[in-house]
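model27.txt follows (compact mmCIF, C-alpha atoms):
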```txt
# COMPACT_ATOMS: atom_id res chain seq x y z
CA MET A 1 92.31 105.74 104.27
CA GLU A 2 95.03 104.67 101.82
CA MET A 3 94.79 103.20 98.37
CA LYS A 4 96.25 100.14 96.72
CA ASP A 5 98.66 100.27 93.78
CA LYS A 6 97.00 100.51 90.35
CA ALA A 7 93.96 102.09 91.91
CA SER A 8 90.62 102.26 90.13
CA SER A 9 88.32 105.25 89.81
CA LEU A 10 86.29 103.82 92.68
CA ASP A 11 89.41 103.74 94.87
CA PHE A 12 89.95 107.43 94.13
CA TYR A 13 86.32 108.13 94.98
CA ALA A 14 86.70 106.36 98.34
CA PHE A 15 90.02 108.09 99.12
CA LEU A 16 88.55 111.53 98.53
CA HIS A 17 85.42 110.72 100.47
CA ALA A 18 87.62 109.86 103.47
CA ASN A 19 90.23 112.63 103.13
CA ARG A 20 88.68 115.61 101.33
CA GLU A 21 88.14 117.61 104.54
CA ALA A 22 91.74 117.07 105.63
CA LEU A 23 93.15 118.22 102.29
CA ALA A 24 90.87 121.17 101.52
CA GLY A 25 91.98 124.29 103.36
CA SER A 26 95.60 123.21 103.70
CA PHE A 27 98.57 125.06 102.18
CA ILE A 28 101.24 123.62 99.89
CA LYS A 29 104.57 124.22 101.60
CA LYS A 30 107.03 121.98 99.77
CA VAL A 31 107.09 119.64 96.78
CA TYR A 32 109.57 116.79 96.42
CA GLN A 33 110.27 114.64 93.37
CA VAL A 34 110.82 111.17 94.79
CA SER A 35 111.42 107.64 93.54
CA PRO A 36 110.25 106.60 91.02
CA PRO A 37 110.81 109.90 89.12
CA ASP A 38 107.14 110.26 88.18
CA SER A 39 106.18 110.34 91.86
CA PHE A 40 105.82 113.42 94.06
CA LEU A 41 105.55 114.18 97.76
CA PHE A 42 103.59 117.26 98.80
CA GLN A 43 104.15 118.71 102.26
CA LEU A 44 100.90 120.37 103.33
CA HIS A 45 100.15 122.46 106.38
CA SER A 46 96.66 122.83 107.78
CA PRO A 47 95.66 125.78 109.98
CA PRO A 48 94.90 126.73 112.67
CA VAL A 49 97.30 124.40 114.52
CA SER A 50 99.61 124.03 111.50
CA SER A 51 99.36 120.25 111.44
CA ARG A 52 101.47 118.66 108.71
CA LEU A 53 100.21 116.26 106.05
CA MET A 54 102.45 114.37 103.64
CA LEU A 55 100.66 113.53 100.40
CA PHE A 56 102.42 110.97 98.18
CA ILE A 57 101.28 110.74 94.55
CA ALA A 58 102.54 108.04 92.16
CA LEU A 59 101.40 109.10 88.69
CA ARG A 60 102.24 106.00 86.67
CA LYS A 61 101.07 103.57 89.35
CA GLY A 62 97.92 105.59 89.82
CA GLY A 63 98.18 105.82 93.60
CA ILE A 64 97.64 108.57 96.15
CA PHE A 65 98.49 108.12 99.82
CA LEU A 66 98.65 110.16 103.00
CA LYS A 67 102.11 109.01 104.05
CA ASP A 68 105.72 110.12 104.15
CA VAL A 69 108.38 108.52 101.95
CA GLU A 70 112.12 108.87 101.60
CA ARG A 71 113.11 112.25 100.18
CA PRO A 72 116.31 113.32 98.43
CA GLU A 73 118.70 115.48 100.43
CA GLU A 74 118.61 118.11 97.69
CA PRO A 75 115.41 118.88 95.77
CA THR A 76 115.50 118.32 92.02
CA SER A 77 115.22 121.24 89.60
CA LEU A 78 111.67 120.11 88.78
CA ALA A 79 110.73 120.09 92.47
CA MET A 80 112.13 123.62 92.84
CA MET A 81 110.12 124.81 89.85
CA LEU A 82 106.94 123.29 91.25
CA ARG A 83 107.62 124.91 94.63
CA LYS A 84 107.90 128.26 92.89
CA MET A 85 104.60 127.67 91.06
CA LEU A 86 102.63 126.11 93.91
CA GLY A 87 104.32 127.09 97.17
CA ASP A 88 102.15 128.71 99.87
CA ARG A 89 99.02 128.33 97.78
CA LYS A 90 95.89 127.26 99.60
CA ILE A 91 94.01 124.18 98.41
CA LEU A 92 90.44 125.46 98.09
CA GLU A 93 88.80 122.32 96.75
CA VAL A 94 89.75 118.73 95.91
CA GLN A 95 87.84 116.99 93.14
CA GLN A 96 87.79 113.73 91.25
CA VAL A 97 87.18 114.79 87.66
CA ASN A 98 84.23 112.98 86.04
CA PHE A 99 84.73 109.85 88.15
CA ASP A 100 88.01 109.21 86.35
CA ARG A 101 91.54 108.58 87.63
CA VAL A 102 92.07 112.33 87.58
CA MET A 103 92.40 114.55 90.65
CA ARG A 104 92.10 118.33 90.54
CA PHE A 105 93.21 120.64 93.35
CA SER A 106 91.72 124.12 92.98
CA LEU A 107 94.19 126.64 94.41
CA SER A 108 94.14 130.20 95.61
CA GLY A 109 95.13 132.75 92.96
CA ASN A 110 92.90 131.10 90.33
CA GLY A 111 95.23 128.15 89.86
CA GLU A 112 94.89 124.39 89.68
CA VAL A 113 97.14 121.37 89.81
CA VAL A 114 95.79 118.31 88.02
CA PHE A 115 97.05 114.75 88.48
CA GLU A 116 96.20 112.36 85.64
CA MET A 117 96.94 108.91 87.04
CA PHE A 118 96.53 106.52 84.14
CA ARG A 119 98.91 105.20 81.47
CA GLU A 120 102.19 107.12 81.96
CA GLY A 121 100.52 109.69 84.22
CA ASN A 122 100.83 113.47 84.11
CA LEU A 123 101.06 116.46 86.43
CA ILE A 124 99.56 119.62 84.96
CA VAL A 125 99.65 123.13 86.43
CA VAL A 126 96.81 125.38 85.26
CA GLN A 127 96.67 129.14 85.75
CA ASP A 128 93.61 131.21 84.86
CA GLY A 129 92.11 128.22 83.08
CA ARG A 130 95.09 127.59 80.79
CA ILE A 131 97.94 125.11 80.99
CA GLU A 132 101.11 126.65 82.41
CA TYR A 133 103.15 123.45 82.79
CA ALA A 134 102.79 119.74 82.02
CA LEU A 135 105.21 117.06 83.17
CA ASN A 136 104.99 115.08 79.92
CA PRO A 137 105.78 116.32 76.40
CA PRO A 138 102.97 118.14 74.54
CA ARG A 139 100.27 115.92 73.07
CA GLU A 140 97.13 116.38 71.04
CA TRP A 141 94.04 114.22 70.75
CA ARG A 142 90.81 114.70 68.85
CA ASN A 143 89.04 116.28 71.81
CA ARG A 144 91.86 117.90 73.80
CA LYS A 145 95.39 119.29 73.76
CA ILE A 146 97.97 119.19 76.53
CA LEU A 147 99.89 122.23 75.35
CA ARG A 148 101.08 125.30 77.20
CA GLY A 149 98.57 128.12 76.83
CA GLU A 150 95.68 125.82 75.90
CA PRO A 151 92.61 125.45 78.13
CA TYR A 152 92.76 122.30 80.25
CA VAL A 153 90.25 119.70 79.04
CA PRO A 154 89.94 116.44 81.02
CA PRO A 155 90.18 113.05 79.27
CA SER A 156 86.52 112.27 79.85
CA LEU A 157 83.83 114.91 79.35
CA SER A 158 80.97 112.98 80.99
CA ASP A 159 80.52 111.92 84.61
CA PRO A 160 79.08 108.39 84.87
CA SER A 161 78.39 108.83 88.58
CA ALA A 162 75.76 111.41 87.59
CA PHE A 163 74.01 109.20 85.02
CA GLY A 164 70.31 108.62 85.51
CA ALA A 165 68.41 105.43 84.70
CA GLN A 166 67.63 106.54 81.15
CA GLU A 167 71.25 107.43 80.39
CA ILE A 168 72.46 104.08 81.72
CA SER A 169 69.84 102.19 79.71
CA SER A 170 70.82 104.04 76.53
CA MET A 171 74.51 103.37 77.19
CA LEU A 172 73.93 99.65 77.65
CA ALA A 173 71.58 99.36 74.68
CA SER A 174 74.05 101.02 72.31
CA SER A 175 77.00 98.84 73.32
CA SER A 176 78.07 95.79 71.35
CA ALA A 177 80.47 94.66 74.10
CA SER A 178 79.77 92.35 77.01
CA LEU A 179 77.95 93.72 80.01
CA VAL A 180 81.07 93.57 82.16
CA GLN A 181 83.20 95.34 79.56
CA THR A 182 80.58 98.02 79.01
CA VAL A 183 80.15 98.78 82.71
CA ALA A 184 83.92 98.63 83.29
CA THR A 185 84.81 101.10 80.53
CA ARG A 186 81.77 103.35 80.16
CA MET A 187 81.28 103.84 83.92
CA ASN A 188 85.02 103.87 84.77
CA LEU A 189 84.67 101.02 87.27
CA GLY A 190 87.32 98.69 85.90
CA GLY A 191 86.88 94.96 85.36
CA GLU A 192 87.10 93.79 88.97
CA PHE A 193 84.42 96.12 90.31
CA ALA A 194 82.23 95.68 87.23
CA GLU A 195 82.23 91.90 87.74
CA GLU A 196 81.38 92.30 91.41
CA LEU A 197 78.60 94.81 90.75
CA ILE A 198 76.99 92.61 88.11
CA HIS A 199 77.31 89.56 90.33
CA ARG A 200 75.58 91.37 93.17
CA ILE A 201 72.62 92.38 91.07
CA ALA A 202 72.37 88.87 89.61
CA LEU A 203 73.20 89.71 86.00
CA THR A 204 75.46 87.65 83.76
CA SER A 205 78.40 88.66 81.61
CA ARG A 206 76.63 87.89 78.35
CA ARG A 207 76.10 89.99 75.26
CA LEU A 208 73.65 92.76 75.99
CA ARG A 209 70.00 92.38 75.21
CA PRO A 210 67.43 95.21 75.32
CA ARG A 211 65.33 93.26 77.82
CA ALA A 212 68.25 93.12 80.29
CA LEU A 213 68.59 96.84 80.91
CA ALA A 214 67.08 97.20 84.39
CA PHE A 215 70.32 98.64 85.74
CA ARG A 216 70.56 101.31 88.43
CA ASN A 217 73.44 103.70 88.98
CA PRO A 218 75.50 102.33 91.93
CA PHE A 219 76.24 105.90 93.03
```
Just give me the structure of the file as structure tokens.
Amino acid sequence: MEMKDKASSLDFYAFLHANREALAGSFIKKVYQVSPPDSFLFQLHSPPVSSRLMLFIALRKGGIFLKDVERPEEPTSLAMMLRKMLGDRKILEVQQVNFDRVMRFSLSGNGEVVFEMFREGNLIVVQDGRIEYALNPPREWRNRKILRGEPYVPPSLSDPSAFGAQEISSMLASSSASLVQTVATRMNLGGEFAEELIHRIALTSRRLRPRALAFRNPF
């Protein structure tokens, strides 16, 4: 299964559901920096027959695909550095972090590579729980820091796919936004899927009312 450009969190969820078994257990053999410059191609090998997978990740576009793309004849210095950091490491687990547009590959040797695929995107290498490398310049927010040596903290600390009925009701009741906007942003569904979900359960995109909170988690 492949994903469209500007993928939503639900697209990531579907991609991993279809491809998690193929990715987990494979080894990172090569990394290429391809066009556009914030895009990367990972050459993976899966035992026991050493089948090859090409994983294309476009950070800014927010897309991840199992496909090959044109590669430069000579790897960039960044690609060589990433090969040194990640080469021959086994992918132990593939996760979508808190139902966000964030993918985490847990690697052998207590490492991780994290792909944040929203806004300008970011590729972050984590070793022993702390950031070893980040593609973008260092940044700090109120709840997290993308700085070398700091623990990696994801953008969202809650997982809406794990919300129960009471948590969803409280979320909707406390929101002053429209129902569509609340579901789109608080549950990471995006506007298109939020509209469709609400349409299917026969709700309207009006201001929230306490009596209109009979809303079940779609997951």
I'd like a table as JSON lines: residues in region 96-157 of chain A with an atom no more than 9 Å from region 29-46 of chain A, each row giving the shortest atom pair and its distance in Å to one decimal, only C-alpha atoms counted, sorted by chain and rising residue number.
```
{"residue": "A:Glu120", "atom": "CA", "partner": "A:Asp38", "partner_atom": "CA", "distance": 8.5}
{"residue": "A:Gly121", "atom": "CA", "partner": "A:Asp38", "partner_atom": "CA", "distance": 7.7}
{"residue": "A:Asn122", "atom": "CA", "partner": "A:Asp38", "partner_atom": "CA", "distance": 8.2}
{"residue": "A:Leu123", "atom": "CA", "partner": "A:Asp38", "partner_atom": "CA", "distance": 8.9}
{"residue": "A:Leu135", "atom": "CA", "partner": "A:Asp38", "partner_atom": "CA", "distance": 8.7}
```
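Here CA of Gly87 (chain A) is placed at a distance of 29.8 Å from CA of Leu10 (chain A).
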Q) By how many Å are CA of Ile91 (chain A) and CA of Ala58 (chain A) apart? A) 19.3 Å
Q.
Just the number, please: distance in Å from CA of Ser169 (chain A) to CA of Leu189 (chain A), one decimal.
A.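 Here the two named atoms are 16.7 Å from each other.
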Q: Might you pull out every residue within 8 Å of Ser106 (chain A), with all atoms listed in the file counted and same-chain residues fewer than 4 positions away left off, and present them as a list in words?
A: Ile91, Leu92, Glu93, Val94, Asn110, Gly111, Glu112 and Val113 of chain A
How would the residues just picked look written out with C-alpha atoms as a PDB file, in the coordinates of the input?
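Resulting contents of out_32.pdb:
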```pdb
ATOM      1  CA  ILE A  91      94.010 124.180  98.410  1.00  0.00           C
ATOM      2  CA  LEU A  92      90.440 125.460  98.090  1.00  0.00           C
ATOM      3  CA  GLU A  93      88.800 122.320  96.750  1.00  0.00           C
ATOM      4  CA  VAL A  94      89.750 118.730  95.910  1.00  0.00           C
ATOM      5  CA  ASN A 110      92.900 131.100  90.330  1.00  0.00           C
ATOM      6  CA  GLY A 111      95.230 128.150  89.860  1.00  0.00           C
ATOM      7  CA  GLU A 112      94.890 124.390  89.680  1.00  0.00           C
ATOM      8  CA  VAL A 113      97.140 121.370  89.810  1.00  0.00           C
TER       9      VAL A 113
END
```
Write out as a PDB file with C-alpha atoms, in the coordinates of the input the residues lying within 10 Å of Ala7 (chain A), counting all atoms listed in the file and excluding same-chain residues fewer than 5 positions away.
```pdb
ATOM      1  CA  PHE A  12      89.950 107.430  94.130  1.00  0.00           C
ATOM      2  CA  LYS A  61     101.070 103.570  89.350  1.00  0.00           C
ATOM      3  CA  GLY A  62      97.920 105.590  89.820  1.00  0.00           C
ATOM      4  CA  GLY A  63      98.180 105.820  93.600  1.00  0.00           C
ATOM      5  CA  ILE A  64      97.640 108.570  96.150  1.00  0.00           C
ATOM      6  CA  ARG A 101      91.540 108.580  87.630  1.00  0.00           C
ATOM      7  CA  MET A 117      96.940 108.910  87.040  1.00  0.00           C
ATOM      8  CA  PHE A 118      96.530 106.520  84.140  1.00  0.00           C
ATOM      9  CA  GLY A 190      87.320  98.690  85.900  1.00  0.00           C
TER      10      GLY A 190
END
```
Q: Please tell me which residues are no farther than 6 Å from (102.7, 111.6, 106.8) in the file, counting only C-alpha atoms, and write them as a PyMOL selection string.
A: chain A and resi 53-54+66-68
Once you add 8 Å to each side, what are the centre and edge lengths of the axis-aligned box holding all listed atoms of region 179-194 of chain A? One decimal in Å, as JSON, if you can.
```
{"center_x": 82.6, "center_y": 98.7, "center_z": 84.7, "size_x": 25.4, "size_y": 26.3, "size_z": 27.3}
```
Q. Which of these residues is nearest to Leu107 (chain A), using only C-alpha atoms: A:Asn188, A:Ser176, A:Ser9, A:Ser26?
A.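 Smallest separation from Leu107 (chain A) among the options: A:Ser26.
In terms of minimum interatomic distance to Phe163 (chain A), A:Met187 ranks closest within A:Leu78, A:Val102, A:Met187, A:Val180, counting only C-alpha atoms.
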Q) Which polymer residues have any atom within 9 Å of an atom of region 124-128 of chain A, counting all atoms listed in the file, with same-chain residues fewer than 6 positions away left out, as a list in words? A) Leu82, Met85, Leu86, Gly109, Asn110, Gly111, Glu112, Val113, Val114, Phe115, Glu116, Ala134, Leu135, Asn136, Ile146, Pro151 and Tyr152 of chain A
Q: Tell me which of A:Leu172, A:Met81, A:Val97, A:Ile201 sits closest to Tyr13 (chain A), counting only C-alpha atoms.
A: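 Counting only C-alpha atoms, the residue closest to Tyr13 (chain A) is A:Val97.
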If I only want region 159-174 of chain A, can you write it with all heavy atoms, as a CSV table (one decimal), in the first residue's frame?
```csv
chain,number,residue,atom,x,y,z
A,159,ASP,N,-2.3,10.0,22.9
A,159,ASP,CA,-2.7,9.2,21.7
A,159,ASP,C,-4.2,9.2,21.6
A,159,ASP,O,-4.9,8.4,22.3
A,159,ASP,CB,-2.1,7.8,21.9
A,159,ASP,CG,-2.4,6.9,20.7
A,159,ASP,OD1,-3.0,7.3,19.8
A,159,ASP,OD2,-2.0,5.7,20.8
A,160,PRO,N,-4.7,9.9,20.6
A,160,PRO,CA,-6.2,10.0,20.5
A,160,PRO,C,-6.8,8.6,20.1
A,160,PRO,O,-8.0,8.4,20.4
A,160,PRO,CB,-6.4,11.0,19.4
A,160,PRO,CG,-5.2,11.2,18.7
A,160,PRO,CD,-4.1,10.8,19.7
A,161,SER,N,-6.0,7.8,19.5
A,161,SER,CA,-6.6,6.5,19.1
A,161,SER,C,-6.8,5.6,20.3
A,161,SER,O,-7.5,4.6,20.2
A,161,SER,CB,-5.6,5.7,18.1
A,161,SER,OG,-4.4,5.4,18.8
A,162,ALA,N,-6.3,6.0,21.5
A,162,ALA,CA,-6.5,5.2,22.7
A,162,ALA,C,-7.6,5.8,23.6
A,162,ALA,O,-7.8,5.3,24.7
A,162,ALA,CB,-5.2,5.1,23.4
A,163,PHE,N,-8.2,6.9,23.2
A,163,PHE,CA,-9.2,7.6,24.0
A,163,PHE,C,-10.4,6.7,24.2
A,163,PHE,O,-10.9,6.1,23.2
A,163,PHE,CB,-9.6,8.9,23.3
A,163,PHE,CG,-8.6,10.0,23.4
A,163,PHE,CD1,-8.9,11.3,22.8
A,163,PHE,CD2,-7.4,9.9,24.1
A,163,PHE,CE1,-8.0,12.3,22.8
A,163,PHE,CE2,-6.5,10.9,24.2
A,163,PHE,CZ,-6.8,12.1,23.5
A,164,GLY,N,-10.9,6.7,25.4
A,164,GLY,CA,-12.2,6.1,25.7
A,164,GLY,C,-13.3,7.1,25.5
A,164,GLY,O,-13.1,8.3,25.2
A,165,ALA,N,-14.6,6.6,25.7
A,165,ALA,CA,-15.7,7.4,25.5
A,165,ALA,C,-15.7,8.7,26.4
A,165,ALA,O,-16.1,9.8,26.0
A,165,ALA,CB,-17.0,6.6,25.7
A,166,GLN,N,-15.3,8.5,27.7
A,166,GLN,CA,-15.3,9.6,28.6
A,166,GLN,C,-14.3,10.6,28.2
A,166,GLN,O,-14.5,11.9,28.3
A,166,GLN,CB,-15.0,9.1,30.0
A,166,GLN,CG,-15.0,10.2,31.1
A,166,GLN,CD,-16.4,10.8,31.2
A,166,GLN,OE1,-17.4,10.2,31.2
A,166,GLN,NE2,-16.4,12.2,31.2
A,167,GLU,N,-13.1,10.2,27.7
A,167,GLU,CA,-12.1,11.2,27.3
A,167,GLU,C,-12.5,11.9,26.1
A,167,GLU,O,-12.3,13.2,26.0
A,167,GLU,CB,-10.8,10.4,27.0
A,167,GLU,CG,-10.1,9.9,28.2
A,167,GLU,CD,-9.0,8.9,27.9
A,167,GLU,OE1,-9.3,7.9,27.3
A,167,GLU,OE2,-7.8,9.2,28.2
A,168,ILE,N,-13.2,11.3,25.2
A,168,ILE,CA,-13.7,12.0,24.0
A,168,ILE,C,-14.8,13.0,24.3
A,168,ILE,O,-14.8,14.1,23.9
A,168,ILE,CB,-14.2,10.9,22.9
A,168,ILE,CG1,-13.1,10.1,22.4
A,168,ILE,CG2,-14.9,11.7,21.8
A,168,ILE,CD1,-13.5,9.0,21.5
A,169,SER,N,-15.7,12.6,25.2
A,169,SER,CA,-16.8,13.5,25.7
A,169,SER,C,-16.2,14.7,26.3
A,169,SER,O,-16.6,15.8,26.1
A,169,SER,CB,-17.7,12.7,26.6
A,169,SER,OG,-18.4,11.7,26.0
A,170,SER,N,-15.2,14.5,27.2
A,170,SER,CA,-14.6,15.6,27.9
A,170,SER,C,-13.9,16.6,26.9
A,170,SER,O,-13.9,17.8,27.0
A,170,SER,CB,-13.6,15.1,28.9
A,170,SER,OG,-14.2,14.4,29.9
A,171,MET,N,-13.2,16.0,25.9
A,171,MET,CA,-12.5,16.7,24.9
A,171,MET,C,-13.5,17.6,24.1
A,171,MET,O,-13.3,18.8,23.9
A,171,MET,CB,-11.8,15.8,23.9
A,171,MET,CG,-11.1,16.5,22.7
A,171,MET,SD,-10.5,15.3,21.5
A,171,MET,CE,-12.1,14.7,20.8
A,172,LEU,N,-14.6,17.0,23.7
A,172,LEU,CA,-15.6,17.8,22.9
A,172,LEU,C,-16.3,18.8,23.7
A,172,LEU,O,-16.5,19.9,23.3
A,172,LEU,CB,-16.6,16.8,22.3
A,172,LEU,CG,-16.1,15.7,21.4
A,172,LEU,CD1,-17.3,14.8,20.9
A,172,LEU,CD2,-15.5,16.4,20.1
A,173,ALA,N,-16.6,18.5,25.0
A,173,ALA,CA,-17.3,19.5,25.9
A,173,ALA,C,-16.4,20.7,26.2
A,173,ALA,O,-16.9,21.8,26.4
A,173,ALA,CB,-17.7,18.8,27.2
A,174,SER,N,-15.1,20.5,26.2
A,174,SER,CA,-14.2,21.6,26.6
A,174,SER,C,-13.8,22.5,25.4
A,174,SER,O,-13.2,23.5,25.6
A,174,SER,CB,-13.0,21.1,27.3
A,174,SER,OG,-12.2,20.3,26.4
```
